[in-house]
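Peer 1: If it helps, the file is called my_file.txt and holds compact mmCIF, C-alpha atoms:
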# COMPACT_ATOMS: atom_id res chain seq x y z
CA MET A 5 38.67 -46.09 13.65
CA THR A 6 35.05 -46.12 14.83
CA GLN A 7 33.04 -48.46 12.62
CA LEU A 8 30.32 -47.22 10.29
CA ASP A 9 26.86 -48.72 10.89
CA PRO A 10 26.66 -51.63 8.39
CA VAL A 11 23.12 -50.61 7.38
CA ILE A 12 24.40 -47.17 6.37
CA ARG A 13 27.40 -48.57 4.53
CA SER A 14 25.22 -51.03 2.62
CA PHE A 15 22.82 -48.24 1.64
CA TYR A 16 25.55 -46.08 0.14
CA ARG A 17 27.49 -48.96 -1.38
CA ASP A 18 24.67 -51.01 -2.88
CA ARG A 19 21.49 -48.93 -3.20
CA TYR A 20 22.35 -45.24 -3.53
CA VAL A 21 24.33 -43.46 -6.24
CA GLU A 22 25.82 -40.65 -4.18
CA ASP A 23 27.32 -38.92 -7.22
CA ASP A 24 23.85 -38.37 -8.69
CA ARG A 25 22.12 -36.93 -5.64
CA LEU A 26 23.02 -33.27 -6.09
CA VAL A 27 23.38 -33.08 -9.86
CA VAL A 28 20.43 -34.93 -11.42
CA ARG A 29 17.21 -34.47 -9.46
CA GLY A 30 15.54 -31.08 -9.15
CA HIS A 31 15.60 -31.00 -5.37
CA GLY A 32 19.24 -32.09 -5.28
CA ARG A 33 20.30 -29.38 -7.68
CA LEU A 34 18.55 -26.78 -5.55
CA GLU A 35 20.24 -28.15 -2.43
CA PHE A 36 23.63 -28.05 -4.14
CA LEU A 37 23.28 -24.47 -5.39
CA ARG A 38 22.08 -23.18 -2.04
CA THR A 39 24.74 -25.07 -0.07
CA GLN A 40 27.37 -23.66 -2.40
CA GLU A 41 25.95 -20.16 -1.95
CA LEU A 42 25.94 -20.37 1.85
CA LEU A 43 29.43 -21.85 2.12
CA ARG A 44 30.81 -19.12 -0.13
CA ARG A 45 29.15 -16.60 2.17
CA TRP A 46 30.71 -18.04 5.32
CA LEU A 47 34.14 -19.42 4.36
CA PRO A 48 37.18 -17.13 4.41
CA PRO A 49 39.19 -17.16 1.15
CA ALA A 50 41.97 -19.73 0.69
CA SER A 51 40.97 -21.69 3.80
CA VAL A 52 42.29 -25.06 4.94
CA VAL A 53 39.04 -27.07 4.83
CA LEU A 54 38.25 -30.47 6.32
CA ASP A 55 35.22 -31.93 4.52
CA VAL A 56 34.01 -34.62 6.94
CA GLY A 57 31.53 -37.02 5.40
CA GLY A 58 32.40 -35.55 2.01
CA ALA A 59 31.34 -38.70 0.11
CA THR A 60 32.55 -38.69 -3.50
CA GLY A 61 33.70 -35.08 -3.45
CA VAL A 62 30.74 -33.17 -4.83
CA HIS A 63 31.55 -30.18 -2.61
CA ALA A 64 35.29 -30.78 -2.22
CA ARG A 65 35.67 -30.47 -5.99
CA TRP A 66 34.31 -26.92 -6.27
CA LEU A 67 35.85 -25.83 -2.95
CA ALA A 68 39.27 -26.80 -4.28
CA ALA A 69 38.53 -24.97 -7.54
CA ASP A 70 37.67 -21.90 -5.45
CA GLY A 71 41.19 -21.95 -4.00
CA HIS A 72 40.68 -23.79 -0.72
CA GLN A 73 43.04 -26.53 0.46
CA VAL A 74 40.64 -29.42 1.03
CA THR A 75 40.93 -32.78 2.73
CA LEU A 76 37.91 -35.03 2.35
CA VAL A 77 37.16 -37.62 5.05
CA ASP A 78 34.51 -40.30 4.61
CA PRO A 79 33.80 -43.67 6.27
CA VAL A 80 32.74 -45.40 3.03
CA PRO A 81 35.84 -46.79 1.25
CA GLU A 82 34.12 -46.73 -2.13
CA HIS A 83 33.42 -43.02 -1.74
CA VAL A 84 37.01 -42.25 -0.78
CA LYS A 85 38.39 -44.24 -3.71
CA GLN A 86 36.15 -42.37 -6.14
CA ALA A 87 36.92 -38.97 -4.60
CA ALA A 88 40.65 -39.61 -4.77
CA THR A 89 40.50 -39.92 -8.56
CA ILE A 90 39.58 -36.23 -8.89
CA GLY A 91 43.08 -35.25 -7.86
CA THR A 92 42.57 -31.66 -6.70
CA PHE A 93 42.14 -32.46 -3.01
CA ALA A 94 43.19 -35.13 -0.51
CA ALA A 95 40.79 -37.96 0.35
CA GLU A 96 40.99 -40.44 3.22
CA GLU A 97 38.87 -42.83 5.22
CA GLY A 98 37.81 -41.63 8.63
CA ASP A 99 34.98 -41.24 11.13
CA ALA A 100 33.51 -37.91 12.23
CA ARG A 101 33.63 -39.09 15.84
CA ALA A 102 37.37 -39.85 15.84
CA LEU A 103 39.27 -37.65 13.40
CA ARG A 104 43.00 -38.20 12.95
CA GLN A 105 43.69 -34.48 12.35
CA GLY A 106 45.54 -32.53 15.00
CA ASP A 107 44.14 -29.87 17.29
CA ALA A 108 43.49 -26.48 15.65
CA SER A 109 44.87 -27.76 12.34
CA VAL A 110 42.23 -26.43 9.91
CA ASP A 111 40.38 -23.17 9.28
CA VAL A 112 37.01 -24.73 8.45
CA THR A 113 35.39 -28.07 9.27
CA LEU A 114 32.35 -29.17 7.31
CA LEU A 115 29.89 -31.78 8.59
CA LEU A 116 27.55 -31.86 5.61
CA GLY A 117 26.30 -35.39 6.24
CA PRO A 118 27.53 -37.01 9.46
CA LEU A 119 24.81 -35.61 11.71
CA TYR A 120 22.19 -37.24 9.45
CA HIS A 121 23.34 -40.71 10.40
CA LEU A 122 24.36 -40.34 14.04
CA VAL A 123 21.10 -41.27 15.73
CA ASP A 124 22.47 -41.18 19.28
CA ALA A 125 22.84 -37.68 20.70
CA ALA A 126 26.15 -38.70 22.27
CA ASP A 127 27.55 -39.60 18.85
CA ARG A 128 26.46 -36.28 17.37
CA ALA A 129 28.07 -34.51 20.32
CA ARG A 130 31.31 -36.43 19.71
CA ALA A 131 31.33 -35.46 16.03
CA LEU A 132 30.77 -31.81 16.85
CA ALA A 133 33.40 -31.91 19.60
CA GLU A 134 35.89 -33.36 17.11
CA ALA A 135 35.03 -30.65 14.60
CA VAL A 136 35.65 -27.99 17.24
CA ARG A 137 38.90 -29.65 18.33
CA VAL A 138 40.47 -29.71 14.87
CA THR A 139 39.34 -26.18 13.93
CA ARG A 140 41.56 -23.27 14.90
CA PRO A 141 40.27 -20.53 17.25
CA GLY A 142 38.20 -18.12 15.22
CA GLY A 143 37.59 -20.78 12.58
CA VAL A 144 34.26 -21.97 11.23
CA VAL A 145 32.32 -25.20 11.74
CA VAL A 146 29.41 -25.88 9.38
CA ALA A 147 26.92 -28.71 9.98
CA ALA A 148 23.91 -29.86 7.97
CA GLY A 149 20.78 -31.47 9.38
CA ILE A 150 17.72 -33.10 7.84
CA ASN A 151 14.52 -31.27 8.72
CA ARG A 152 12.23 -33.24 11.04
CA TYR A 153 9.30 -32.45 8.72
CA GLY A 154 11.22 -33.41 5.56
CA GLY A 155 9.86 -36.91 4.94
CA LEU A 156 6.29 -35.91 5.67
CA LEU A 157 6.48 -32.92 3.29
CA GLU A 158 8.04 -35.05 0.55
CA ALA A 159 5.46 -37.82 0.80
CA GLY A 160 2.61 -35.32 0.93
CA SER A 161 3.94 -33.67 -2.24
CA ASN A 162 4.62 -36.73 -4.39
CA GLY A 163 1.43 -38.68 -3.72
CA THR A 164 2.92 -41.39 -1.49
CA LEU A 165 1.38 -40.20 1.78
CA THR A 166 -1.56 -42.42 2.69
CA GLU A 167 -3.45 -43.15 5.87
CA GLU A 168 -1.71 -46.54 5.99
CA ARG A 169 1.78 -44.98 5.76
CA LEU A 170 1.10 -41.91 7.88
CA SER A 171 2.36 -43.53 11.09
CA LEU A 172 5.82 -44.02 9.53
CA PHE A 173 6.23 -40.27 9.23
CA LEU A 174 4.56 -39.39 12.50
CA ASP A 175 6.75 -41.85 14.40
CA ALA A 176 9.86 -40.34 12.84
CA PHE A 177 8.57 -36.87 13.63
CA ALA A 178 8.07 -37.79 17.27
CA SER A 179 11.44 -39.47 17.82
CA GLY A 180 13.63 -37.83 15.19
CA SER A 181 15.04 -41.18 14.08
CA ILE A 182 14.34 -43.94 11.57
CA ASP A 183 15.81 -47.43 11.49
CA GLY A 184 16.44 -47.87 7.77
CA THR A 185 13.62 -50.32 7.05
CA ASN A 186 11.36 -48.06 4.99
CA GLY A 187 13.29 -46.84 1.97
CA PHE A 188 15.92 -44.58 3.51
CA THR A 189 18.79 -45.63 5.76
CA VAL A 190 19.42 -45.18 9.50
CA ALA A 191 19.01 -41.45 10.05
CA TYR A 192 18.25 -38.67 12.49
CA PHE A 193 16.05 -35.64 11.71
CA HIS A 194 16.44 -32.29 13.47
CA HIS A 195 14.34 -29.33 14.43
CA ALA A 196 16.17 -26.09 13.60
CA GLU A 197 16.42 -24.98 17.22
CA GLU A 198 17.67 -28.44 18.23
CA LEU A 199 20.51 -28.23 15.71
CA ALA A 200 21.41 -24.77 17.01
CA THR A 201 21.49 -26.08 20.58
CA GLU A 202 23.81 -28.95 19.60
CA LEU A 203 26.31 -26.53 18.04
CA THR A 204 26.14 -24.15 20.97
CA THR A 205 26.58 -27.00 23.47
CA ALA A 206 29.71 -28.05 21.55
CA GLY A 207 31.19 -24.65 22.38
CA LEU A 208 30.58 -22.78 19.13
CA THR A 209 29.63 -19.12 19.20
CA ASP A 210 27.58 -16.92 16.86
CA VAL A 211 25.57 -19.98 15.84
CA GLU A 212 23.09 -19.52 13.01
CA VAL A 213 20.77 -22.08 11.39
CA LEU A 214 19.29 -21.43 7.95
CA GLY A 215 16.89 -23.34 5.72
CA ILE A 216 18.73 -24.54 2.63
CA GLU A 217 16.19 -25.23 -0.12
CA GLY A 218 13.13 -23.24 0.90
CA PRO A 219 9.45 -23.93 0.16
CA ALA A 220 9.86 -24.70 -3.56
CA SER A 221 11.96 -27.81 -3.05
CA ASN A 222 9.23 -30.39 -3.59
CA ILE A 223 7.90 -28.51 -6.61
CA LEU A 224 11.31 -28.98 -8.21
CA GLU A 225 11.50 -32.59 -7.10
CA ASN A 226 8.24 -33.41 -8.86
CA ALA A 227 8.75 -31.21 -11.92
CA ALA A 228 9.37 -32.58 -15.40
CA PRO A 229 13.11 -32.74 -16.15
CA ASP A 230 12.86 -30.15 -18.90
CA ALA A 231 11.22 -27.67 -16.50
CA ILE A 232 13.93 -27.72 -13.83
CA GLU A 233 16.19 -25.11 -15.43
CA THR A 234 13.27 -22.70 -15.72
CA LEU A 235 12.18 -23.22 -12.11
CA LEU A 236 15.58 -23.16 -10.40
CA PRO A 237 16.32 -19.40 -10.35
CA ALA A 238 13.01 -18.53 -8.69
CA ALA A 239 13.39 -21.39 -6.19
CA VAL A 240 16.87 -20.19 -5.21
CA LEU A 241 15.67 -16.60 -4.82
CA LEU A 242 12.74 -17.72 -2.68
CA ALA A 243 14.97 -19.87 -0.47
CA ARG A 244 17.33 -16.94 0.02
CA GLN A 245 14.51 -14.62 1.10
CA VAL A 246 13.07 -16.94 3.76
CA GLU A 247 16.23 -18.80 4.91
CA SER A 248 16.17 -17.30 8.41
CA ASP A 249 12.42 -16.89 8.84
CA PRO A 250 11.43 -19.19 11.72
CA LYS A 251 7.94 -19.53 10.26
CA LEU A 252 9.27 -20.93 6.98
CA GLN A 253 12.56 -22.63 7.86
CA ALA A 254 10.78 -25.93 8.36
CA ALA A 255 9.65 -25.84 4.71
CA SER A 256 13.25 -26.70 3.74
CA PRO A 257 14.19 -30.40 3.66
CA HIS A 258 17.62 -29.55 5.08
CA PHE A 259 19.15 -27.02 7.46
CA LEU A 260 22.66 -25.59 7.35
CA ALA A 261 24.17 -24.32 10.59
CA HIS A 262 27.44 -22.58 11.26
CA GLY A 263 29.32 -21.25 14.25
CA ARG A 264 32.77 -20.04 15.27
CA VAL A 265 35.33 -21.67 17.51
CA SER A 266 36.06 -19.42 20.48
CA ASP A 267 39.35 -17.53 20.45
Please render this file's structure as structure tokens.
Peer 2:
Amino acid sequence: MTQLDPVIRSFYRDRYVEDDRLVVRGHGRLEFLRTQELLRRWLPPASVVLDVGGATGVHARWLAADGHQVTLVDPVPEHVKQAATIGTFAAEEGDARALRQGDASVDVTLLLGPLYHLVDAADRARALAEAVRVTRPGGVVVAAGINRYGGLLEAGSNGTLTEERLSLFLDAFASGSIDGTNGFTVAYFHHAEELATELTTAGLTDVEVLGIEGPASNILENAAPDAIETLLPAAVLLARQVESDPKLQAASPHFLAHGRVSD
């Protein structure tokens, strides 16, 4: 198995509570609801789903409840152990760049995290090639990307953007990558059209990239906890209206792309 970058593993094992990310904070709850909405739009019913980089099972859990047959794959042993306790889907260790699944063995492959942490373009290409390989002809591959503007928008919205820190965000914007020394872990940030090109180059057809959270994301992130429930419905509706607008896609912290494997 290809080894996970030790900086990334340490981040998720020691510093980051993955189970909380999409269920506690306002932005995370918006991301979860919109990801759920888009996957339900794209996935055929009762699909065989491979959830690559599925962490502790936050999406695998509801996908299984929706009637899909789900196998979660994650490189962090602690995530896999926790996911396995849920009991409604399979969970195993694995790397997006070297999946053990056979050719054309699943209906849907999800990459809802791996492309964040594969800084080298060749590694992202390998992960996408593996997703295409294990997905049957006519099946769906879905991949998430972090918006290149995301960190800058967040810092400018929560008061942490200063002249002294500005170069951190501008450098990441120029290169697309960060090295894990400034609060987050090793990561790669996409432009929407760049993510579309990577899926198309992997051989997927009918590729579409949408903004997940929309322009209200940072309002939710900075809102008082007791205001989140009131703000969420409008934020979801706004995100839905502008998800494919190229002028507003970059207001979303994350993108979700999908394409079909050629028959």
Peer 1: One decimal, Å: what's the distance from atom CA of Val53 of chain A over to atom CA of Val110 of chain A, could you say?
Peer 2: 6.0 Å
Peer 1: What is the atom CA of Thr234 of chain A-atom CA of Ser248 of chain A distance in Å, reported with one decimal?
Peer 2: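 So the two atoms, atom CA of Thr234 of chain A and atom CA of Ser248 of chain A, lie 24.9 Å apart.
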Peer 1: Can you pull out the residues contacting Val52 of chain A? Cut-off 12 Å, using only C-alpha atoms, and skip same-chain residues under 5 positions away; I want them as a VMD selection string.
Peer 2: chain A and resid 47 64 67 to 68 70 to 76 93 to 94 108 to 114 138 to 140 143 to 144
Peer 1: Using only C-alpha atoms, what does the table of segment 66-171 of chain A residues within 12 Å of segment 192-212 of chain A look like, with each row giving the shortest atom pair and its distance in Å to one decimal, sorted by chain and ascending number, as JSON lines?
Peer 2:
{"residue": "A:Leu115", "atom": "CA", "partner": "A:Leu203", "partner_atom": "CA", "distance": 11.4}
{"residue": "A:Gly117", "atom": "CA", "partner": "A:Tyr192", "partner_atom": "CA", "distance": 10.7}
{"residue": "A:Pro118", "atom": "CA", "partner": "A:Tyr192", "partner_atom": "CA", "distance": 9.9}
{"residue": "A:Leu119", "atom": "CA", "partner": "A:Tyr192", "partner_atom": "CA", "distance": 7.3}
{"residue": "A:Tyr120", "atom": "CA", "partner": "A:Tyr192", "partner_atom": "CA", "distance": 5.2}
{"residue": "A:His121", "atom": "CA", "partner": "A:Tyr192", "partner_atom": "CA", "distance": 5.9}
{"residue": "A:Leu122", "atom": "CA", "partner": "A:Tyr192", "partner_atom": "CA", "distance": 6.5}
{"residue": "A:Val123", "atom": "CA", "partner": "A:Tyr192", "partner_atom": "CA", "distance": 5.0}
{"residue": "A:Asp124", "atom": "CA", "partner": "A:Tyr192", "partner_atom": "CA", "distance": 8.4}
{"residue": "A:Ala125", "atom": "CA", "partner": "A:Glu202", "partner_atom": "CA", "distance": 8.9}
{"residue": "A:Ala126", "atom": "CA", "partner": "A:Glu202", "partner_atom": "CA", "distance": 10.4}
{"residue": "A:Asp127", "atom": "CA", "partner": "A:Tyr192", "partner_atom": "CA", "distance": 11.3}
{"residue": "A:Arg128", "atom": "CA", "partner": "A:Glu202", "partner_atom": "CA", "distance": 8.1}
{"residue": "A:Ala129", "atom": "CA", "partner": "A:Ala206", "partner_atom": "CA", "distance": 6.8}
{"residue": "A:Arg130", "atom": "CA", "partner": "A:Ala206", "partner_atom": "CA", "distance": 8.7}
{"residue": "A:Ala131", "atom": "CA", "partner": "A:Ala206", "partner_atom": "CA", "distance": 9.4}
{"residue": "A:Leu132", "atom": "CA", "partner": "A:Ala206", "partner_atom": "CA", "distance": 6.1}
{"residue": "A:Ala133", "atom": "CA", "partner": "A:Ala206", "partner_atom": "CA", "distance": 5.7}
{"residue": "A:Glu134", "atom": "CA", "partner": "A:Ala206", "partner_atom": "CA", "distance": 9.3}
{"residue": "A:Ala135", "atom": "CA", "partner": "A:Ala206", "partner_atom": "CA", "distance": 9.1}
{"residue": "A:Val136", "atom": "CA", "partner": "A:Ala206", "partner_atom": "CA", "distance": 7.3}
{"residue": "A:Arg137", "atom": "CA", "partner": "A:Ala206", "partner_atom": "CA", "distance": 9.9}
{"residue": "A:Thr139", "atom": "CA", "partner": "A:Leu208", "partner_atom": "CA", "distance": 10.7}
{"residue": "A:Arg140", "atom": "CA", "partner": "A:Leu208", "partner_atom": "CA", "distance": 11.8}
{"residue": "A:Pro141", "atom": "CA", "partner": "A:Leu208", "partner_atom": "CA", "distance": 10.1}
{"residue": "A:Gly142", "atom": "CA", "partner": "A:Thr209", "partner_atom": "CA", "distance": 9.5}
{"residue": "A:Gly143", "atom": "CA", "partner": "A:Leu208", "partner_atom": "CA", "distance": 9.8}
{"residue": "A:Val144", "atom": "CA", "partner": "A:Leu208", "partner_atom": "CA", "distance": 8.8}
{"residue": "A:Val145", "atom": "CA", "partner": "A:Leu208", "partner_atom": "CA", "distance": 8.0}
{"residue": "A:Val146", "atom": "CA", "partner": "A:Leu203", "partner_atom": "CA", "distance": 9.2}
{"residue": "A:Ala147", "atom": "CA", "partner": "A:Leu203", "partner_atom": "CA", "distance": 8.4}
{"residue": "A:Ala148", "atom": "CA", "partner": "A:Leu199", "partner_atom": "CA", "distance": 8.6}
{"residue": "A:Gly149", "atom": "CA", "partner": "A:His194", "partner_atom": "CA", "distance": 6.0}
{"residue": "A:Ile150", "atom": "CA", "partner": "A:Phe193", "partner_atom": "CA", "distance": 4.9}
{"residue": "A:Asn151", "atom": "CA", "partner": "A:His194", "partner_atom": "CA", "distance": 5.2}
{"residue": "A:Arg152", "atom": "CA", "partner": "A:Phe193", "partner_atom": "CA", "distance": 4.6}
{"residue": "A:Tyr153", "atom": "CA", "partner": "A:Phe193", "partner_atom": "CA", "distance": 8.0}
{"residue": "A:Gly154", "atom": "CA", "partner": "A:Phe193", "partner_atom": "CA", "distance": 8.1}
{"residue": "A:Gly155", "atom": "CA", "partner": "A:Phe193", "partner_atom": "CA", "distance": 9.3}
{"residue": "A:Leu156", "atom": "CA", "partner": "A:Phe193", "partner_atom": "CA", "distance": 11.5}
Peer 1: Just how far from atom CA of His83 of chain A is atom CA of Asp99 of chain A, in Å to one decimal?
Peer 2: 13.1 Å
Peer 1: For a quick check of understanding, using all atoms listed in the file, which of A:Leu236, A:Ala176, A:Ala159, A:Val77 has the smallest distance to Gly58 of chain A?
Peer 2: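 Looking at the shortest contact to Gly58 of chain A, the residue is A:Val77.
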Peer 1: Taking all atoms listed in the file into account, which of A:Thr60, A:Ala261, A:Glu35, A:Trp66 comes nearest Ala220 of chain A?
Peer 2: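 Nearest to Ala220 of chain A: A:Glu35.
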Peer 1: With only C-alpha atoms as the basis for distance, which of A:Thr164, A:Ser221, A:Ser171, A:Ser51 is at the shortest distance from His258 of chain A?
Peer 2: A:Ser221
Peer 1: Tell me which of A:Arg38, A:Arg169, A:His63, A:Arg104 sits closest to Glu217 of chain A, counting all atoms listed in the file.
Peer 2: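 For Glu217 of chain A, the nearest of the given residues is A:Arg38.
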Peer 1: Of the candidates A:Gly163, A:Gly218, A:Pro81, A:Gly180, which one gets nearest to Ala243 of chain A if we count all atoms listed in the file?
Peer 2: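 Answer, going by the shortest atom-to-atom distance: A:Gly218.
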Peer 1: When distances are computed from all atoms listed in the file, which of A:Leu42, A:Leu34, A:Val190, A:Leu116 shows the smallest separation from Leu235 of chain A?
Peer 2: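 Once distances to Leu235 of chain A are computed over all atoms listed in the file, the minimum belongs to A:Leu34.
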Peer 1: Tell me which protein, DNA and RNA residues are within 9 Å of Gly98 of chain A, counting only C-alpha atoms, leaving out same-chain ones fewer than 5 positions away, and put them as a list in words.
Peer 2: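 So the residues in contact are Met5, Thr6, Val56, Gly57, Val77, Asp78, Pro79, Val80, Leu103 and Arg104 of chain A.
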